[in-house]
$ cat target_14.txt   # compact mmCIF, C-alpha atoms and all ligand atoms
# COMPACT_ATOMS: atom_id res chain seq x y z
CA MET A 1 1.44 -29.96 60.60
CA PRO A 2 2.62 -26.35 60.78
CA ILE A 3 5.95 -24.92 61.90
CA VAL A 4 5.98 -25.09 65.71
CA ARG A 5 8.46 -24.73 68.56
CA ASP A 6 8.33 -27.81 70.80
CA PRO A 7 8.52 -27.65 74.62
CA SER A 8 12.31 -28.16 74.51
CA GLY A 9 12.63 -25.04 72.34
CA LEU A 10 13.35 -26.82 69.04
CA LEU A 11 11.69 -25.65 65.87
CA ARG A 12 9.82 -28.38 64.00
CA LEU A 13 8.41 -28.58 60.50
CA GLY A 14 5.81 -31.27 59.86
CA GLY A 15 6.91 -32.94 63.08
CA VAL A 16 10.61 -33.06 62.12
CA SER A 17 13.20 -31.24 64.21
CA LEU A 18 14.90 -28.66 62.01
CA ALA A 19 18.09 -29.09 64.03
CA GLU A 20 18.07 -32.70 62.83
CA VAL A 21 17.66 -31.53 59.22
CA VAL A 22 20.68 -29.27 59.66
CA ASP A 23 22.73 -32.05 61.26
CA ARG A 24 21.89 -34.47 58.46
CA LEU A 25 22.02 -32.22 55.43
CA GLY A 26 24.05 -29.16 56.39
CA THR A 27 23.16 -25.66 55.23
CA PRO A 28 21.85 -23.79 53.29
CA THR A 29 18.91 -26.17 52.99
CA TYR A 30 15.32 -25.71 51.98
CA ALA A 31 12.86 -27.86 53.93
CA TYR A 32 9.31 -28.41 52.71
CA ASP A 33 6.30 -29.84 54.53
CA VAL A 34 4.92 -31.70 51.55
CA ASP A 35 1.86 -33.02 53.42
CA ALA A 36 0.80 -29.48 54.38
CA MET A 37 1.16 -28.38 50.75
CA ALA A 38 -1.08 -31.25 49.65
CA ALA A 39 -3.62 -30.41 52.38
CA GLY A 40 -3.79 -26.81 51.13
CA ALA A 41 -4.35 -28.05 47.58
CA ARG A 42 -7.17 -30.33 48.75
CA GLU A 43 -8.82 -27.41 50.57
CA LEU A 44 -8.65 -25.36 47.39
CA GLU A 45 -10.01 -28.25 45.31
CA ALA A 46 -12.92 -28.63 47.74
CA SER A 47 -13.86 -24.96 47.38
CA PHE A 48 -15.06 -25.68 43.82
CA GLU A 49 -17.70 -28.02 45.31
CA GLY A 50 -17.66 -30.41 42.40
CA THR A 51 -18.16 -27.74 39.71
CA PRO A 52 -15.95 -28.10 36.61
CA HIS A 53 -12.53 -26.63 37.31
CA LEU A 54 -8.78 -27.02 37.02
CA VAL A 55 -6.32 -25.98 39.70
CA ALA A 56 -3.30 -25.58 37.44
CA TYR A 57 -0.42 -25.37 39.93
CA ALA A 58 2.10 -22.77 38.71
CA VAL A 59 5.17 -25.01 38.57
CA LYS A 60 7.43 -21.95 38.43
CA ALA A 61 6.83 -21.40 42.17
CA ASN A 62 8.50 -24.67 43.19
CA SER A 63 9.34 -27.25 40.56
CA ALA A 64 10.76 -29.96 42.85
CA GLY A 65 9.38 -33.36 41.86
CA GLY A 66 8.45 -34.14 45.46
CA VAL A 67 6.28 -31.03 45.55
CA VAL A 68 4.75 -31.38 42.08
CA ARG A 69 3.88 -35.06 42.64
CA ALA A 70 2.25 -34.31 46.01
CA LEU A 71 0.14 -31.51 44.53
CA ALA A 72 -0.79 -33.68 41.55
CA ALA A 73 -1.93 -36.42 43.93
CA ALA A 74 -4.06 -33.80 45.72
CA GLY A 75 -5.83 -33.05 42.43
CA CYS A 76 -3.77 -30.32 40.78
CA GLY A 77 -2.88 -29.99 37.13
CA ALA A 78 -0.08 -27.66 36.07
CA ASP A 79 0.54 -24.24 34.64
CA VAL A 80 3.95 -24.18 32.95
CA VAL A 81 5.94 -21.38 31.33
CA SER A 82 8.74 -23.27 29.62
CA GLY A 83 9.40 -26.52 27.81
CA ALA A 84 11.49 -27.68 30.75
CA GLU A 85 8.65 -27.05 33.22
CA LEU A 86 6.31 -28.90 30.85
CA ARG A 87 8.64 -31.90 30.99
CA VAL A 88 8.74 -31.76 34.80
CA ALA A 89 4.94 -31.68 35.02
CA LEU A 90 4.52 -34.61 32.62
CA ALA A 91 7.33 -36.62 34.22
CA CYS A 92 5.66 -36.10 37.61
CA GLY A 93 2.60 -37.88 36.28
CA ILE A 94 0.34 -34.93 35.42
CA SER A 95 -1.77 -35.88 32.46
CA PRO A 96 -1.19 -33.60 29.42
CA ASP A 97 -4.89 -32.71 29.34
CA ARG A 98 -4.44 -31.07 32.77
CA VAL A 99 -1.57 -28.81 31.71
CA ILE A 100 -1.78 -25.26 30.40
CA TYR A 101 1.16 -23.36 28.98
CA ASN A 102 1.63 -19.58 29.39
CA GLY A 103 4.61 -17.55 28.20
CA VAL A 104 5.25 -14.47 26.10
CA ALA A 105 8.03 -15.99 24.01
CA LYS A 106 7.63 -19.73 23.59
CA THR A 107 10.16 -21.13 21.13
CA ASP A 108 9.10 -23.35 18.24
CA ALA A 109 10.64 -26.32 20.02
CA GLU A 110 8.60 -25.54 23.14
CA LEU A 111 5.39 -25.19 21.10
CA ASP A 112 6.17 -28.51 19.41
CA ALA A 113 6.58 -30.20 22.81
CA ALA A 114 3.20 -28.88 23.99
CA ILE A 115 1.50 -29.84 20.72
CA GLY A 116 3.07 -33.28 20.72
CA ALA A 117 2.41 -34.16 24.37
CA GLY A 118 0.37 -37.32 24.95
CA GLY A 119 -2.28 -38.46 22.50
CA SER A 120 -3.71 -35.03 21.75
CA GLY A 121 -1.49 -32.32 23.23
CA ILE A 122 -2.02 -30.33 26.42
CA ALA A 123 -5.22 -28.79 27.81
CA ALA A 124 -4.39 -25.41 26.28
CA VAL A 125 -1.54 -23.41 24.88
CA GLN A 126 -2.36 -19.91 26.08
CA VAL A 127 -1.20 -17.39 23.49
CA GLU A 128 0.00 -14.06 24.86
CA SER A 129 0.05 -12.05 21.63
CA VAL A 130 -1.78 -11.81 18.33
CA GLU A 131 1.55 -12.54 16.66
CA GLU A 132 1.90 -15.90 18.42
CA ILE A 133 -1.22 -17.26 16.73
CA ALA A 134 0.31 -17.62 13.25
CA ARG A 135 3.37 -19.30 14.75
CA LEU A 136 1.22 -21.74 16.71
CA GLU A 137 -0.91 -22.51 13.64
CA ALA A 138 2.24 -23.23 11.60
CA ARG A 139 3.60 -25.61 14.24
CA ALA A 140 0.22 -27.32 14.62
CA ALA A 141 -0.03 -27.77 10.84
CA ALA A 142 3.48 -29.19 10.72
CA ALA A 143 2.57 -31.69 13.43
CA GLY A 144 -0.77 -32.49 11.77
CA ARG A 145 -2.57 -31.83 15.07
CA THR A 146 -5.41 -29.64 16.25
CA VAL A 147 -4.31 -27.50 19.19
CA ARG A 148 -6.59 -26.40 22.01
CA THR A 149 -5.75 -22.73 22.33
CA GLY A 150 -6.51 -20.23 25.05
CA ILE A 151 -5.93 -16.50 25.11
CA ARG A 152 -4.11 -14.94 28.03
CA MET A 153 -5.55 -11.48 27.96
CA ASN A 154 -4.02 -8.44 29.59
CA PRO A 155 -6.92 -7.30 31.79
CA ASN A 156 -5.52 -3.80 32.30
CA VAL A 157 -6.06 -4.17 36.02
CA ASP A 158 -3.25 -2.57 37.92
CA LEU A 159 -2.23 -4.46 41.05
CA ARG A 160 0.63 -2.09 41.82
CA ASP A 161 -1.37 -0.54 44.66
CA VAL A 162 -1.67 -3.92 46.45
CA THR A 163 1.56 -5.67 45.46
CA HIS A 164 5.16 -5.02 44.40
CA ALA A 165 5.55 -3.46 40.93
CA ASN A 166 7.81 -6.31 39.79
CA ILE A 167 5.03 -8.88 40.28
CA ALA A 168 2.13 -6.85 38.89
CA THR A 169 1.57 -8.23 35.40
CA GLY A 170 -1.91 -7.09 34.40
CA HIS A 171 -1.51 -3.39 33.67
CA ASP A 172 -1.39 -2.26 30.05
CA THR A 173 2.35 -1.49 30.01
CA ALA A 174 3.29 -5.00 31.18
CA LYS A 175 4.63 -7.35 28.49
CA PHE A 176 2.09 -10.03 29.36
CA GLY A 177 -1.06 -11.05 27.56
CA VAL A 178 -3.03 -9.99 24.50
CA PRO A 179 -4.15 -6.38 25.03
CA ARG A 180 -7.85 -6.30 25.75
CA ALA A 181 -8.49 -4.17 22.67
CA ASP A 182 -6.87 -6.85 20.48
CA VAL A 183 -8.75 -9.86 21.86
CA GLY A 184 -11.49 -9.65 19.22
CA HIS A 185 -8.90 -9.73 16.44
CA ALA A 186 -7.06 -12.60 18.16
CA VAL A 187 -10.27 -14.62 18.31
CA GLU A 188 -10.97 -13.98 14.62
CA LEU A 189 -7.48 -15.21 13.77
CA LEU A 190 -7.93 -18.26 15.98
CA ASN A 191 -11.26 -19.11 14.44
CA ALA A 192 -9.73 -18.78 10.97
CA SER A 193 -6.81 -21.07 11.84
CA PRO A 194 -7.59 -24.60 10.63
CA HIS A 195 -5.44 -26.30 13.27
CA LEU A 196 -6.41 -24.20 16.28
CA VAL A 197 -9.54 -24.39 18.38
CA PHE A 198 -10.39 -21.55 20.73
CA VAL A 199 -11.14 -23.15 24.11
CA GLY A 200 -10.45 -20.58 26.80
CA ILE A 201 -9.81 -17.06 27.89
CA GLY A 202 -7.95 -15.91 30.95
CA ALA A 203 -5.86 -13.33 32.73
CA HIS A 204 -3.27 -13.27 35.49
CA ALA A 205 -3.10 -9.79 36.97
CA GLY A 206 -0.12 -10.47 39.21
CA SER A 207 1.18 -12.10 42.35
CA GLN A 208 0.67 -11.61 46.08
CA CYS A 209 -2.80 -10.08 45.56
CA THR A 210 -4.10 -9.45 49.06
CA ALA A 211 -7.63 -8.36 48.15
CA THR A 212 -10.37 -10.56 46.72
CA ALA A 213 -12.05 -7.44 45.29
CA LYS A 214 -9.00 -6.65 43.17
CA TYR A 215 -8.82 -10.27 41.99
CA VAL A 216 -12.50 -10.23 41.08
CA GLU A 217 -11.96 -6.98 39.16
CA SER A 218 -9.50 -8.81 36.92
CA ALA A 219 -11.75 -11.91 36.74
CA ARG A 220 -14.70 -9.76 35.66
CA THR A 221 -12.79 -8.44 32.66
CA VAL A 222 -12.33 -12.05 31.58
CA PHE A 223 -15.99 -12.88 32.18
CA ASP A 224 -17.17 -9.76 30.30
CA VAL A 225 -15.06 -10.63 27.28
CA ALA A 226 -16.14 -14.29 27.36
CA ARG A 227 -19.80 -13.31 27.52
CA ALA A 228 -19.47 -10.80 24.68
CA LEU A 229 -17.63 -13.29 22.45
CA ARG A 230 -20.30 -15.89 23.05
CA ALA A 231 -23.08 -13.42 22.35
CA ASP A 232 -21.40 -12.68 19.00
CA GLY A 233 -21.19 -16.40 18.23
CA LYS A 234 -17.40 -16.23 18.16
CA ALA A 235 -16.66 -18.66 20.97
CA ARG A 236 -18.67 -21.78 20.25
CA SER A 237 -16.01 -24.14 21.58
CA LEU A 238 -15.19 -22.06 24.67
CA ALA A 239 -14.68 -24.47 27.58
CA TYR A 240 -13.02 -22.48 30.34
CA VAL A 241 -12.40 -19.09 31.87
CA ASN A 242 -9.07 -18.72 33.65
CA THR A 243 -8.63 -16.13 36.39
CA GLY A 244 -4.95 -16.84 36.99
CA GLY A 245 -2.93 -17.21 40.17
CA GLY A 246 -1.75 -14.60 42.59
CA PHE A 247 -3.50 -15.42 45.88
CA ALA A 248 -1.43 -13.73 48.57
CA ILE A 249 0.12 -15.34 51.61
CA ASP A 250 0.89 -13.57 54.87
CA TYR A 251 4.66 -13.08 55.06
CA THR A 252 4.35 -11.10 58.29
CA GLY A 253 2.70 -13.81 60.36
CA ASP A 254 0.34 -11.30 61.91
CA ALA A 255 -2.37 -10.82 59.30
CA PRO A 256 -4.62 -13.81 60.08
CA GLU A 257 -7.58 -12.04 58.51
CA ARG A 258 -6.03 -12.33 55.03
CA PRO A 259 -8.31 -14.14 52.56
CA ARG A 260 -7.37 -17.75 51.92
CA PRO A 261 -7.17 -19.22 48.39
CA ALA A 262 -10.60 -20.78 48.89
CA ASP A 263 -12.03 -17.31 49.62
CA PHE A 264 -10.74 -16.07 46.26
CA VAL A 265 -12.35 -19.08 44.58
CA ARG A 266 -15.69 -18.45 46.25
CA ALA A 267 -15.56 -14.79 45.14
CA ILE A 268 -14.80 -15.64 41.51
CA ARG A 269 -17.41 -18.39 41.41
CA ALA A 270 -20.04 -15.86 42.52
CA ALA A 271 -18.91 -13.34 39.86
CA LYS A 272 -18.87 -16.06 37.21
CA ARG A 273 -22.40 -17.11 38.11
CA GLU A 274 -23.52 -13.47 37.88
CA ALA A 275 -21.97 -13.31 34.42
CA GLY A 276 -24.04 -16.32 33.33
CA LEU A 277 -20.98 -18.46 32.66
CA ASP A 278 -21.65 -21.32 35.06
CA ASP A 279 -21.42 -23.88 32.27
CA LEU A 280 -17.75 -23.05 31.66
CA ALA A 281 -14.96 -24.62 33.72
CA SER A 282 -13.07 -22.36 36.13
CA PHE A 283 -9.31 -22.50 35.80
CA VAL A 284 -6.97 -20.97 38.39
CA GLU A 285 -3.16 -20.92 38.38
CA PRO A 286 -1.98 -20.65 41.99
CA GLY A 287 1.70 -21.05 42.78
CA ARG A 288 2.84 -19.25 45.91
CA SER A 289 -0.32 -19.81 47.96
CA LEU A 290 0.07 -23.59 47.75
CA VAL A 291 3.72 -23.84 48.70
CA ALA A 292 5.29 -20.68 50.16
CA GLN A 293 4.33 -20.97 53.81
CA HIS A 294 5.14 -24.69 53.98
CA GLY A 295 8.80 -24.22 53.13
CA LEU A 296 11.72 -22.54 54.84
CA LEU A 297 15.40 -22.00 54.30
CA LEU A 298 17.83 -23.16 56.96
CA ALA A 299 21.12 -21.33 57.39
CA ARG A 300 24.03 -21.40 59.81
CA VAL A 301 25.29 -18.27 61.45
CA ILE A 302 28.88 -17.84 60.32
CA GLN A 303 29.67 -14.92 62.60
CA SER A 304 28.30 -11.74 64.07
CA LYS A 305 29.63 -8.20 63.81
CA VAL A 306 28.58 -5.55 66.28
CA SER A 307 29.25 -1.99 65.21
CA ALA A 308 27.94 1.42 66.22
CA ALA A 309 25.57 1.18 63.24
CA ALA A 310 24.09 -2.26 63.73
CA ARG A 311 24.37 -5.77 65.05
CA TRP A 312 25.04 -7.88 61.99
CA LEU A 313 24.28 -11.56 61.84
CA MET A 314 26.16 -13.10 58.92
CA ILE A 315 24.58 -16.33 57.73
CA ASP A 316 25.63 -18.87 55.12
CA ALA A 317 22.52 -18.39 52.95
CA GLY A 318 22.50 -15.41 50.65
CA MET A 319 20.60 -13.73 47.87
CA ASN A 320 21.85 -16.50 45.58
CA ASP A 321 19.80 -18.97 47.64
CA LEU A 322 16.73 -16.75 48.20
CA ILE A 323 16.58 -13.73 45.94
CA ARG A 324 13.14 -12.40 46.89
CA PRO A 325 14.39 -9.76 49.35
CA ALA A 326 16.85 -8.40 46.77
CA LEU A 327 14.43 -8.64 43.83
CA TYR A 328 11.18 -7.53 45.43
CA GLN A 329 12.25 -5.95 48.75
CA ALA A 330 10.44 -8.90 50.33
CA LYS A 331 10.73 -9.35 54.09
CA HIS A 332 10.74 -12.95 55.30
CA ARG A 333 10.58 -13.69 59.01
CA VAL A 334 13.85 -15.06 60.40
CA VAL A 335 13.76 -17.17 63.57
CA ALA A 336 16.30 -19.11 65.62
CA VAL A 337 16.12 -22.87 65.09
CA GLU A 338 17.10 -23.59 68.70
CA ALA A 339 15.71 -21.44 71.50
CA PRO A 340 18.60 -20.06 73.60
CA SER A 341 19.45 -22.21 76.61
CA GLY A 342 20.56 -19.29 78.79
CA SER A 343 19.22 -15.76 78.84
CA ALA A 344 16.02 -15.02 76.96
CA GLU A 345 17.26 -11.52 76.17
CA THR A 346 16.70 -10.45 72.57
CA ALA A 347 18.28 -7.91 70.25
CA ARG A 348 17.64 -6.44 66.82
CA TRP A 349 19.93 -8.19 64.36
CA ARG A 350 20.47 -7.21 60.76
CA VAL A 351 20.59 -10.58 59.01
CA VAL A 352 22.80 -10.62 55.93
CA GLY A 353 24.27 -13.23 53.61
CA PRO A 354 27.80 -13.83 52.37
CA VAL A 355 27.34 -12.53 48.83
CA CYS A 356 29.32 -9.49 47.81
CA GLU A 357 26.31 -7.24 47.18
CA SER A 358 24.62 -4.71 49.48
CA SER A 359 21.25 -6.14 48.46
CA ASP A 360 22.22 -9.47 50.06
CA ASP A 361 20.24 -8.46 53.10
CA PHE A 362 17.32 -10.22 54.80
CA GLY A 363 16.46 -7.20 56.93
CA GLU A 364 16.30 -6.51 60.65
CA HIS A 365 14.91 -9.19 62.98
CA VAL A 366 14.44 -9.67 66.71
CA LEU A 367 16.50 -12.73 67.69
CA PRO A 368 18.28 -13.92 70.84
CA ARG A 369 20.99 -11.45 71.89
CA ALA A 370 23.42 -14.37 72.13
CA ALA A 371 23.79 -15.07 68.40
CA PRO A 372 21.92 -18.27 67.47
CA ARG A 373 23.79 -21.10 65.75
CA THR A 374 21.15 -21.71 63.09
CA VAL A 375 18.24 -19.74 61.72
CA ALA A 376 15.20 -20.50 59.59
CA ILE A 377 13.99 -18.04 56.98
CA LEU A 378 10.26 -18.64 56.87
CA ASP A 379 7.74 -18.77 54.00
CA ALA A 380 10.43 -19.65 51.49
CA GLY A 381 8.68 -22.54 49.73
CA ALA A 382 7.79 -20.44 46.66
CA TYR A 383 10.19 -18.61 44.35
CA GLY A 384 13.05 -19.78 46.57
CA PHE A 385 15.11 -22.69 45.24
CA VAL A 386 13.73 -22.15 41.72
CA MET A 387 15.47 -18.79 41.55
CA ALA A 388 18.68 -19.90 43.29
CA ASN A 389 21.91 -19.38 41.44
CA GLN A 390 25.65 -19.82 41.88
CA TYR A 391 26.71 -16.20 41.95
CA ASN A 392 30.06 -15.73 43.72
CA GLY A 393 30.73 -19.43 43.13
CA ARG A 394 28.33 -20.51 45.83
CA ALA A 395 26.92 -24.04 45.56
CA LEU A 396 23.17 -24.39 45.12
CA PRO A 397 21.22 -25.12 48.33
CA VAL A 398 19.78 -28.60 48.89
CA GLU A 399 16.13 -29.47 49.46
CA ALA A 400 14.56 -31.73 52.10
CA PHE A 401 11.05 -33.14 51.72
CA VAL A 402 9.23 -33.75 54.99
CA SER A 403 6.30 -36.14 54.93
CA ASP A 404 4.72 -38.49 57.49
CA GLY A 405 6.76 -36.86 60.26
CA ARG A 406 10.15 -37.71 58.70
CA ILE A 407 12.60 -36.53 56.08
CA ALA A 408 11.18 -38.57 53.23
CA ALA A 409 13.75 -37.46 50.64
CA SER A 410 16.49 -34.93 50.06
CA THR A 411 18.69 -33.71 47.24
CA GLN A 412 22.49 -33.97 47.08
CA ARG A 413 24.71 -31.03 47.88
CA ARG A 414 27.15 -30.42 45.04
CA SER A 415 30.62 -29.41 45.96
CA PRO A 416 31.80 -25.98 44.75
CA GLU A 417 34.47 -27.91 42.82
CA SER A 418 32.10 -28.40 39.88
CA TRP A 419 31.62 -24.64 39.64
CA VAL A 420 35.39 -24.05 39.92
CA ALA A 421 36.12 -26.59 37.19
CA GLU A 422 33.44 -25.17 34.92
CA ARG A 423 34.67 -21.57 35.29
CA VAL A 424 38.30 -22.55 34.86
CA GLY A 425 37.35 -24.50 31.75
CA ALA A 426 35.25 -21.69 30.27
CA GLY A 427 37.15 -20.24 27.33
CA ALA A 428 39.98 -22.76 27.61
C1 LIG B 1 0.76 -16.64 34.23
C2 LIG B 1 0.99 -16.90 35.66
N1 LIG B 1 0.12 -17.69 36.31
C3 LIG B 1 0.27 -17.97 37.62
C4 LIG B 1 1.33 -17.47 38.34
C5 LIG B 1 1.45 -17.84 39.78
O1 LIG B 1 1.33 -16.75 40.60
P1 LIG B 1 1.32 -16.96 42.19
O2 LIG B 1 2.53 -17.73 42.53
O3 LIG B 1 1.36 -15.60 42.73
O4 LIG B 1 0.06 -17.69 42.52
C6 LIG B 1 2.23 -16.61 37.72
C7 LIG B 1 3.35 -16.03 38.49
O5 LIG B 1 4.17 -15.32 38.06
C8 LIG B 1 2.06 -16.33 36.34
O6 LIG B 1 2.92 -15.55 35.68

$ encode --input "target_14.txt" --output "structure tokens"
Amino acid sequence: MPIVRDPSGLLRLGGVSLAEVVDRLGTPTYAYDVDAMAAGARELEASFEGTPHLVAYAVKANSAGGVVRALAAAGCGADVVSGAELRVALACGISPDRVIYNGVAKTDAELDAAIGAGGSGIAAVQVESVEEIARLEARAAAAGRTVRTGIRMNPNVDLRDVTHANIATGHDTAKFGVPRADVGHAVELLNASPHLVFVGIGAHAGSQCTATAKYVESARTVFDVARALRADGKARSLAYVNTGGGFAIDYTGDAPERPRPADFVRAIRAAKREAGLDDLASFVEPGRSLVAQHGLLLARVIQSKVSAAARWLMIDAGMNDLIRPALYQAKHRVVAVEAPSGSAETARWRVVGPVCESSDDFGEHVLPRAAPRTVAILDAGAYGFVMANQYNGRALPVEAFVSDGRIAASTQRRSPESWVAERVGAGA
């Protein structure tokens, strides 16, 4: 069930009144429609039409157990980028053989955890440099295990013309992935490593990719390399090609023609068929597109300030709760939770948080002229809570999980006292 305004003017998420969420849990609070997330994952799963694949949900986007478990139940595996995320995925019931691990600087302890998971380790440790291979071989030898190893290649596909520079990861000056020119050498090293078996090749060109053509451009680099390696007899155990995550969502609410995740999958399946790689499994690593639009951040209006320059709406959620606007100049829609009872007149409000930084600014929004009591910042289900911090001594936001038309679970708000005690104690 999407986010809708009911006839009485109340905003609802998954059937639950957001005013009720605020009354019960206070603010700032993230609310997630877990059933809608699972439905999106099922739609994506179905787009593979029974062909071998793995939807490895990028846990970094939203690592809440309630979210990870729901996506796992809908068929997802996991893409993790730290030992802690690996533990979350496994503890949420995802089988190790459905987990892949990316990361440019995995510690030995993190490699050991991936190698040691379950009866035979995870689906693939994806190395991101030639240098990582010797380290992985040493850890595998120490554990006495054979490690399924993938290569995350840098496709040298620049997404900076379709997305924000800070989330474009596939151009050749980004720190991510084995440079394309070094992939041959990496494969030779892998094949010469007694405890490593080369099972996959992939790339993730970046996030919030709005164009299937750009995504396919990156996918094709992977397919070309896979085909060439096979032709040279260097990839006999190759089992998958991984085209990464990055499917965009529509943060504006008025771009309904945007491709859906399933459209990206259909496009890469066609390109993969053309490349003659139909026997290999397709891996994708979506994060944002499964969770962003089914989550929002609730905040109370603390006060307004009307000056010659602007009408300011000061809310109790800040860049510490949702950092995307400050980090990526992202614009999230902001709407009133309760429709105004009196005049329907609107005004342009500059919505800002309480943090002592100019970048603590959610941008200008059309809202009721009479300042609303509570607002919802939309499309905040990805890269929201996971990036929250306690800057300025602000407590972390809480999270509410909506399912079956009710608040099925929520987290506890911690009092700022714990932060105060910790800071006072630091250096004592
Ligand atoms: C390697 C990798 N895979 C997948 C993702 C998920 O991207 P998105 O949330 O845009 O789908 C990321 C995001 O940073 C990533 O770094």

$ atom_distance --input "target_14.txt" --atom1 "atom CA of A:Gly14" --atom2 "atom CA of A:Ala72"
19.6 Å

$ atom_distance --input "target_14.txt" --atom1 "atom CA of A:Pro416" --atom2 "atom CA of A:Asn389"
12.3 Å

$ residues_around --input "target_14.txt" --residues "A:Val355" --least-positions-apart "3" --cutoff "8 Å" --atoms "only C-alpha atoms" --output "list of chain:residue names"
A:Gly318, A:Met319, A:Asn320, A:Asp360, A:Tyr391, A:Asn392

$ write_last_selection --input "target_14.txt" --atoms "C-alpha atoms" --output "PDB file, in the coordinates of the input"
ATOM      1  CA  GLY A 318      22.500 -15.410  50.650  1.00  0.00           C
ATOM      2  CA  MET A 319      20.600 -13.730  47.870  1.00  0.00           C
ATOM      3  CA  ASN A 320      21.850 -16.500  45.580  1.00  0.00           C
ATOM      4  CA  ASP A 360      22.220  -9.470  50.060  1.00  0.00           C
ATOM      5  CA  TYR A 391      26.710 -16.200  41.950  1.00  0.00           C
ATOM      6  CA  ASN A 392      30.060 -15.730  43.720  1.00  0.00           C
TER       7      ASN A 392
END

$ residues_near_ligand --input "target_14.txt" --ligand "ligand LIG 1 (chain B)" --cutoff "8 Å" --atoms "all atoms listed in the file" --output "PyMOL selection string"
chain A and resi 57-58+60-61+79+81+102-103+167+169+203-204+206-209+244-248+284-290+382-383

$ residues_around --input "target_14.txt" --residues "A:Gln412" --least-positions-apart "2" --cutoff "9 Å" --atoms "only C-alpha atoms" --output "list in words"
Leu25, Val398, Glu399, Ser410 and Arg414 of chain A

$ residues_near_point --input "target_14.txt" --point "(-4.8, -27.5, 39.9)" --cutoff "7 Å" --atoms "all atoms listed in the file" --output "compact mmCIF listing (two decimals) with C-alpha atoms, keeping the file's coordinate frame"
# COMPACT_ATOMS: atom_id res chain seq x y z
CA LEU A 54 -8.78 -27.02 37.02
CA VAL A 55 -6.32 -25.98 39.70
CA ALA A 56 -3.30 -25.58 37.44
CA TYR A 57 -0.42 -25.37 39.93
CA GLY A 75 -5.83 -33.05 42.43
CA CYS A 76 -3.77 -30.32 40.78
CA GLY A 77 -2.88 -29.99 37.13
CA ALA A 78 -0.08 -27.66 36.07
CA GLU A 285 -3.16 -20.92 38.38

$ atom_distance --input "target_14.txt" --atom1 "atom CA of A:Val16" --atom2 "atom CA of A:Asp321"
22.2 Å

$ closest_residue --input "target_14.txt" --among "A:Gly276, A:Gly83, A:Gly295, A:Gly384" --to "A:Ala113" --atoms "only C-alpha atoms"
A:Gly83

$ closest_residue --input "target_14.txt" --among "A:Glu85, A:Thr243, A:His185, A:Ala124" --to "A:Pro155" --atoms "all atoms listed in the file"
A:Thr243

$ closest_residue --input "target_14.txt" --among "A:Glu188, A:Asp379, A:Asp23, A:Glu364" --to "A:Leu296" --atoms "all atoms listed in the file"
A:Asp379

$ residues_around --input "target_14.txt" --residues "A:Val265" --least-positions-apart "2" --cutoff "12 Å" --atoms "only C-alpha atoms" --output "PyMOL selection string"
chain A and resi 43-49+51+53-55+212-213+215-216+219+242-247+259-263+267-272+282-286

$ closest_residue --input "target_14.txt" --among "A:Ala336, A:Leu18, A:Leu111, A:Val157" --to "A:Asp33" --atoms "all atoms listed in the file"
A:Leu18

$ closest_residue --input "target_14.txt" --among "A:Arg145, A:Arg152, A:Arg369, A:His195" --to "A:Phe176" --atoms "all atoms listed in the file"
A:Arg152

$ closest_residue --input "target_14.txt" --among "A:Thr252, A:Ser415, A:Thr210, A:Ser304" --to "A:Trp349" --atoms "all atoms listed in the file"
A:Ser304

$ residues_around --input "target_14.txt" --residues "A:Thr29" --least-positions-apart "3" --cutoff "8 Å" --atoms "only C-alpha atoms" --output "MDAnalysis selection string"
chainID A and resid 22 25:26 297:299 397:400

$ axis_aligned_box --input "target_14.txt" --around "stretch 377-394 of chain A" --padding-each-side "3 Å" --output "JSON"
{"center_x": 19.2, "center_y": -19.2, "center_z": 49.2, "size_x": 29.0, "size_y": 13.0, "size_z": 21.5}

$ residues_around --input "target_14.txt" --residues "A:Arg258" --least-positions-apart "3" --cutoff "8 Å" --atoms "all atoms listed in the file" --output "MDAnalysis selection string"
chainID A and resid 210 249:250 255

$ decode --input "target_14.txt" --residues "stretch 353-369 of chain A" --atoms "C-alpha atoms" --output "PDB file, in the first residue's frame"
ATOM      1  CA  GLY A 353      16.941  21.150  10.748  1.00  0.00           C
ATOM      2  CA  PRO A 354      18.338  22.048  14.155  1.00  0.00           C
ATOM      3  CA  VAL A 355      21.980  21.180  13.467  1.00  0.00           C
ATOM      4  CA  CYS A 356      24.492  23.984  13.596  1.00  0.00           C
ATOM      5  CA  GLU A 357      25.551  23.730   9.934  1.00  0.00           C
ATOM      6  CA  SER A 358      24.324  25.673   6.894  1.00  0.00           C
ATOM      7  CA  SER A 359      24.091  22.402   4.984  1.00  0.00           C
ATOM      8  CA  ASP A 360      21.395  21.211   7.412  1.00  0.00           C
ATOM      9  CA  ASP A 361      18.810  22.233   4.863  1.00  0.00           C
ATOM     10  CA  PHE A 362      16.087  20.158   3.198  1.00  0.00           C
ATOM     11  CA  GLY A 363      15.351  22.827   0.590  1.00  0.00           C
ATOM     12  CA  GLU A 364      12.307  24.874  -0.338  1.00  0.00           C
ATOM     13  CA  HIS A 365       8.870  23.229  -0.307  1.00  0.00           C
ATOM     14  CA  VAL A 366       5.270  24.275  -0.867  1.00  0.00           C
ATOM     15  CA  LEU A 367       3.411  23.587   2.390  1.00  0.00           C
ATOM     16  CA  PRO A 368       0.377  25.063   4.159  1.00  0.00           C
ATOM     17  CA  ARG A 369       0.921  28.750   4.959  1.00  0.00           C
TER      18      ARG A 369
END
